[in-house]
Amino acid sequence: MNDAAIEIVDLHKHYGDKHAVDGLDLTIARGEVFALLGPNGAGKSTTVEILEGFRARTSGDVRVLGKDPHGAGREWRERIGIMLQTTSGRSFLSAREALTHASRLYPNPRNVDETIAAVGLEDKANAKPQTLSGGQRRRLDVALAIIGSPELIFLDEPTTGFDPEARRQFWRLIEALRGDGTTILLTTHYLDEAEYLADRIGIIADGRRVALDTPAGLRSRADDSVITWTESGVTQSEATSEPSTFLRALLSRTTGEVEDLAVTRPSLEDVYLGLVADGHAVDVPTEEIEVSP
Amino acid sequence: MTTTAVSRPTWGAIAFDRLKVELKEFSRSREQMIFIFAFPLIFMVLFGSMLGGQVLDGTDVTFAQYFLAGMIATGIINTGFQSLALSISIDRDEDALKRLHGTPLPATAYFVGKIAQVLLVSVVQIAALVIVGVAFFGVSLPTHASSWATFAWVFLLGTGASTTLGIAVSSLLRNAKAGSAILTPVILFLQFVSGVFFVYSQVPSWLQHIAELFPLKWLAQGMRSVFLPDSFTAAEVRLSWEHGTAAAVLAAWFAIGLVVAVRTFRWQRSDDR
């Protein structure tokens with residue numbers, strides 16, 4: 001029994017001259033919640049769709065639950081759940097009907113009513129599908145992804161377009177899933193989402209991995225504080241890993257109030273933006289974090 | 001691994017459940033209901049009222065009787081080919097097919113569900129046309145069992161050719177919008193030259209030769225052999241129902257449709273690779 005839910009070795013996907021995925025390596029453990037983070041067009045969705053078996057790769061080796069997803073059959077599909085990036089549109093089935101029919105495709109489906117409750121659609125279970133809001137349809141998409149009791153769930157930009165409250169609700173839903181050992185791979189371009197949900201975060205830019213770390217590990221990269229102040233009418237700034245030492249020196253050589261004095265600790269977002277900005281500088285994997293399932 | 005293969009749903013159960021989904025979706029789609037049921041009935045009433053009583057030259061057959069056979073044939077093409085091709089294209093455009101492909105649904109169960117839905121809807125559509133024809137336009141029904149046997153093979157072969165061609169064309173179309181623009185004039189052209197709206201023997205012969213290449217002419221002629229008396233063959237172009245040729249042409253289109261459908265079917269949009 002392999003411990004890895006997903007293994008990607010030197011994955012490439014080329015569209016003509018465009019290298020959407022350009023030599024990606026990644027291993028995701030069973031039971032792990034992994035976030036693939038990156039700006040639009042970084043290759044997140046291309047990667048996920050290759051893992052889902054929807055796209056053929058140009059080169060590289062991919063194993064999902066021990067199988068090559070390209071052309072994988074019914075038995076493999078019974079073990080995975082997919083939430084596409086696009087919200088399901090025109091349907092003539094109510095949420096309960098859609099879930100009931102979907103559940104009949106799987107050997108060991110979840111209970112339909114419990115699943116409806118898990119995504120908070122009790123009030124809309126029998127409603128006409130046209131009356132569901134975008135967020136409610138998205139929750140139905142999650143329900144459809146989990147109805148077959150999958151071992152592995154793909155969530156491709158699940159909360160894009162959500163308001164903050166809906167996003168929080170969605171996060172709680174995903175948190176409830178992680179308890180039962182399900183592996184979850186989600187893509188997002190929201191840093192806070194990746195930080196909140198994921199055991200590990202892989203940041204990709206231009207089809208390459210620029211960082212692979214735990215949220216705490218990423219945050220710890222934000223070690224330099226920035227001190228800014230105004231002196232003789234000129235704005236000054238200093239980045240340092242020892243802000244106190246610098247401040248003592250600054251305060252001792254000035255008198256009175258230091259104008260506009262501020263000490264800023266870079267946020268995770270600054271780390272992320274820094275990593276994505278120099279996306280060409282490929283991450284040296286100094287701290288590969290092992291996560292036990 | 002604790003997956004219990006024992007409880008895996010059977011192929012038959014899945015295909016039957018797909019048929020139920022298809023029927024629910026069809027019956028709740030106003031556009032489909034109007035196109036499949038109201039459209040042919042309106043044409044039947046319209047043409048039947050305007051021209052239905054006229055007796056065709058040199059025969060004892062009324063235009064209504066002739067027109068009923070043509071409407072049944074065109075109904076089979078509308079349901080099996082045009083409507084199916086467009087509904088699959090729309091499902092593909094909206095990623096509904098991609099979603100299905102992400103589940104353990106076997107492709108064959110999906111197609112069998114679709115085709116079974118087309119067959120059921122076509123039977124209801126034909127029954128409605130026949131009832132209107134008999135009730136309002138004095139159309140008489142065949143009494144020989146052999147006529148109904150002919151109906152059965154013409155219907156099944158025609159529906160088979162229509163559905164496989166519909167599935168094939170859905171993959172060749174770029175998207176559903178283009179599909180509607182391309183398919184509607186083609187079908188309309190064939191309806192005019194294949195003996196649906198006009199008596200086939202009165203169509204110019206060069207147009208007849210074009211019509212002979214396509215299934216609708218043979219489907220219409222096959223349905224005339226069911227609903228018109230055998231004496232009407234005297235008014236047919238080749239003085240015969242040409243059952244052998246009709247079966248051969250429909251079977252050939254069925255085979256072409258099947259091969260193209262299987263080889264070209266896409267679950268995803270053409271720009272989603």
# chains A, B, ... in the order shown; residues from 1 in each chain; ligands from 1

$ residues_around --residues "region 210-215 of chain B" --least-positions-apart "4" --cutoff "9 Å" --atoms "only C-alpha atoms" --output "list of chain:residue names"
B:Ile77, B:Gly158, B:Ala161, B:Ser162, B:Leu190, B:Val193, B:Ser194, B:Gly195, B:Ser205, B:Trp206, B:Leu219, B:Ala220, B:Ala246, B:Val249, B:Leu250, B:Trp253

$ closest_atom_pairs --of "chain A" --to "chain B" --cutoff "6 Å" --atoms "only C-alpha atoms" --output "JSON lines"
{"residue": "A:Arg55", "atom": "CA", "partner": "B:Arg273", "partner_atom": "CA", "distance": 5.5}
{"residue": "A:Arg74", "atom": "CA", "partner": "B:Pro104", "partner_atom": "CA", "distance": 4.6}
{"residue": "A:Arg77", "atom": "CA", "partner": "B:Pro104", "partner_atom": "CA", "distance": 5.0}
{"residue": "A:Glu78", "atom": "CA", "partner": "B:Pro104", "partner_atom": "CA", "distance": 5.5}
{"residue": "A:Phe92", "atom": "CA", "partner": "B:Glu25", "partner_atom": "CA", "distance": 5.3}
{"residue": "A:Pro107", "atom": "CA", "partner": "B:Arg8", "partner_atom": "CA", "distance": 4.1}

$ residues_around --residues "Pro150 (chain A)" --least-positions-apart "6" --cutoff "10 Å" --atoms "only C-alpha atoms" --output "PyMOL selection string"
chain A and resi 76-82+106+108-110+182-184

$ residues_around --residues "Gln130 (chain A)" --least-positions-apart "3" --cutoff "9 Å" --atoms "only C-alpha atoms" --output "number ranges by chain"
A: 90-92, 94, 127, 133

$ write_last_selection --atoms "N, CA and C atoms" --output "PDB file, in the first residue's frame"
ATOM      1  N   ARG A  90     -27.146  25.113 -16.031  1.00  0.00           N
ATOM      2  CA  ARG A  90     -28.483  24.665 -16.364  1.00  0.00           C
ATOM      3  C   ARG A  90     -28.723  23.231 -15.890  1.00  0.00           C
ATOM      4  N   SER A  91     -29.638  23.065 -14.982  1.00  0.00           N
ATOM      5  CA  SER A  91     -30.007  21.712 -14.598  1.00  0.00           C
ATOM      6  C   SER A  91     -31.502  21.700 -14.385  1.00  0.00           C
ATOM      7  N   PHE A  92     -32.093  20.552 -14.616  1.00  0.00           N
ATOM      8  CA  PHE A  92     -33.523  20.434 -14.382  1.00  0.00           C
ATOM      9  C   PHE A  92     -33.797  19.602 -13.141  1.00  0.00           C
ATOM     10  N   SER A  94     -33.527  18.939  -8.954  1.00  0.00           N
ATOM     11  CA  SER A  94     -33.321  19.566  -7.656  1.00  0.00           C
ATOM     12  C   SER A  94     -32.048  19.003  -7.039  1.00  0.00           C
ATOM     13  N   ALA A 127     -35.888  22.453  -3.855  1.00  0.00           N
ATOM     14  CA  ALA A 127     -36.252  23.663  -4.602  1.00  0.00           C
ATOM     15  C   ALA A 127     -35.925  23.500  -6.078  1.00  0.00           C
ATOM     16  N   SER A 133     -28.811  30.073  -5.574  1.00  0.00           N
ATOM     17  CA  SER A 133     -27.841  31.138  -5.855  1.00  0.00           C
ATOM     18  C   SER A 133     -26.529  30.502  -6.294  1.00  0.00           C
TER      19      SER A 133
END

$ select_by_dssp --residues "region 92-136 of chain B" --states "alpha helix (DSSP H)" --output "count of residues only"
38

$ residues_around --residues "Gln117 (chain B)" --least-positions-apart "3" --cutoff "6 Å" --atoms "only C-alpha atoms" --output "PyMOL selection string"
chain B and resi 19+114+120

$ write_last_selection --atoms "C-alpha atoms" --output "PDB file, in the first residue's frame"
ATOM      1  CA  LEU B  19     -32.949   6.897 -18.629  1.00  0.00           C
ATOM      2  CA  LYS B 114     -29.938   8.794 -24.153  1.00  0.00           C
ATOM      3  CA  LEU B 120     -39.625   6.559 -25.853  1.00  0.00           C
TER       4      LEU B 120
END

$ residues_around --residues "Pro164 (chain A)" --least-positions-apart "5" --cutoff "12 Å" --atoms "only C-alpha atoms" --output "number ranges by chain"
A: 135, 159, 169-171, 190, 192-193

$ write_last_selection --atoms "C-alpha atoms" --output "PDB file, in the first residue's frame"
ATOM      1  CA  GLY A 135     -22.996  29.995  -3.747  1.00  0.00           C
ATOM      2  CA  THR A 159     -14.612  29.738  -3.396  1.00  0.00           C
ATOM      3  CA  GLN A 169     -18.942  28.746   5.745  1.00  0.00           C
ATOM      4  CA  PHE A 170     -17.226  26.822   2.997  1.00  0.00           C
ATOM      5  CA  TRP A 171     -14.039  26.509   5.022  1.00  0.00           C
ATOM      6  CA  TYR A 190      -6.534  33.179  -1.946  1.00  0.00           C
ATOM      7  CA  ASP A 192      -5.834  33.107   3.581  1.00  0.00           C
ATOM      8  CA  GLU A 193      -7.798  30.137   2.276  1.00  0.00           C
TER       9      GLU A 193
END

$ residues_around --residues "region 9-24 of chain A" --least-positions-apart "3" --cutoff "12 Å" --atoms "only C-alpha atoms" --output "ChimeraX atom specification"
/A:6,27-28,36,40-51,55-64,202-212,279-280,282-283 /B:271-273

$ write_last_selection --atoms "C-alpha atoms" --output "PDB file, in the first residue's frame"
ATOM      1  CA  ILE A   6      -0.656  11.772  -5.505  1.00  0.00           C
ATOM      2  CA  THR A  27       4.031  14.225  -3.608  1.00  0.00           C
ATOM      3  CA  ILE A  28       0.862  14.500  -1.578  1.00  0.00           C
ATOM      4  CA  LEU A  36      -1.936  24.523  -4.693  1.00  0.00           C
ATOM      5  CA  ASN A  40      -4.197  33.110 -12.414  1.00  0.00           C
ATOM      6  CA  GLY A  41      -2.548  31.269 -15.267  1.00  0.00           C
ATOM      7  CA  ALA A  42       0.160  29.745 -13.055  1.00  0.00           C
ATOM      8  CA  GLY A  43      -0.776  26.206 -14.100  1.00  0.00           C
ATOM      9  CA  LYS A  44      -2.819  25.177 -11.048  1.00  0.00           C
ATOM     10  CA  SER A  45      -5.906  24.076 -12.903  1.00  0.00           C
ATOM     11  CA  THR A  46      -3.965  22.474 -15.736  1.00  0.00           C
ATOM     12  CA  THR A  47      -2.127  20.377 -13.160  1.00  0.00           C
ATOM     13  CA  VAL A  48      -5.317  19.422 -11.340  1.00  0.00           C
ATOM     14  CA  GLU A  49      -7.111  18.530 -14.570  1.00  0.00           C
ATOM     15  CA  ILE A  50      -4.218  16.245 -15.524  1.00  0.00           C
ATOM     16  CA  LEU A  51      -4.554  14.585 -12.112  1.00  0.00           C
ATOM     17  CA  ARG A  55      -6.161  16.398 -19.783  1.00  0.00           C
ATOM     18  CA  ALA A  56      -3.279  14.517 -21.321  1.00  0.00           C
ATOM     19  CA  ARG A  57       0.221  15.541 -20.223  1.00  0.00           C
ATOM     20  CA  THR A  58       3.102  16.296 -22.534  1.00  0.00           C
ATOM     21  CA  SER A  59       5.609  14.386 -20.421  1.00  0.00           C
ATOM     22  CA  GLY A  60       6.374  13.302 -16.877  1.00  0.00           C
ATOM     23  CA  ASP A  61       4.983  10.673 -14.567  1.00  0.00           C
ATOM     24  CA  VAL A  62       1.759  10.992 -12.611  1.00  0.00           C
ATOM     25  CA  ARG A  63       0.187   8.570 -10.162  1.00  0.00           C
ATOM     26  CA  VAL A  64      -3.112   9.250  -8.449  1.00  0.00           C
ATOM     27  CA  GLY A 202       2.623  24.444  -2.814  1.00  0.00           C
ATOM     28  CA  ILE A 203       3.072  27.781  -4.542  1.00  0.00           C
ATOM     29  CA  ILE A 204       3.437  27.678  -8.290  1.00  0.00           C
ATOM     30  CA  ALA A 205       4.171  30.398 -10.803  1.00  0.00           C
ATOM     31  CA  ASP A 206       4.740  30.033 -14.540  1.00  0.00           C
ATOM     32  CA  GLY A 207       4.126  26.299 -14.298  1.00  0.00           C
ATOM     33  CA  ARG A 208       6.898  25.755 -11.748  1.00  0.00           C
ATOM     34  CA  ARG A 209       6.982  25.210  -8.045  1.00  0.00           C
ATOM     35  CA  VAL A 210       8.425  28.192  -6.232  1.00  0.00           C
ATOM     36  CA  ALA A 211       7.723  27.019  -2.684  1.00  0.00           C
ATOM     37  CA  LEU A 212       6.536  23.966  -0.799  1.00  0.00           C
ATOM     38  CA  GLY A 279       8.877  32.945 -10.091  1.00  0.00           C
ATOM     39  CA  HIS A 280      11.804  32.197 -12.332  1.00  0.00           C
ATOM     40  CA  VAL A 282      13.107  28.029  -8.680  1.00  0.00           C
ATOM     41  CA  ASP A 283      12.772  27.103  -5.052  1.00  0.00           C
TER      42      ASP A 283
ATOM     43  CA  ASP B 271     -11.016  24.426 -26.298  1.00  0.00           C
ATOM     44  CA  ASP B 272     -10.749  22.475 -23.024  1.00  0.00           C
ATOM     45  CA  ARG B 273      -7.846  20.097 -23.496  1.00  0.00           C
TER      46      ARG B 273
END

$ closest_residue --among "A:Ala194, A:Leu26, A:Gly38, A:Asp223" --to "Leu273 (chain A)" --atoms "only C-alpha atoms"
A:Gly38
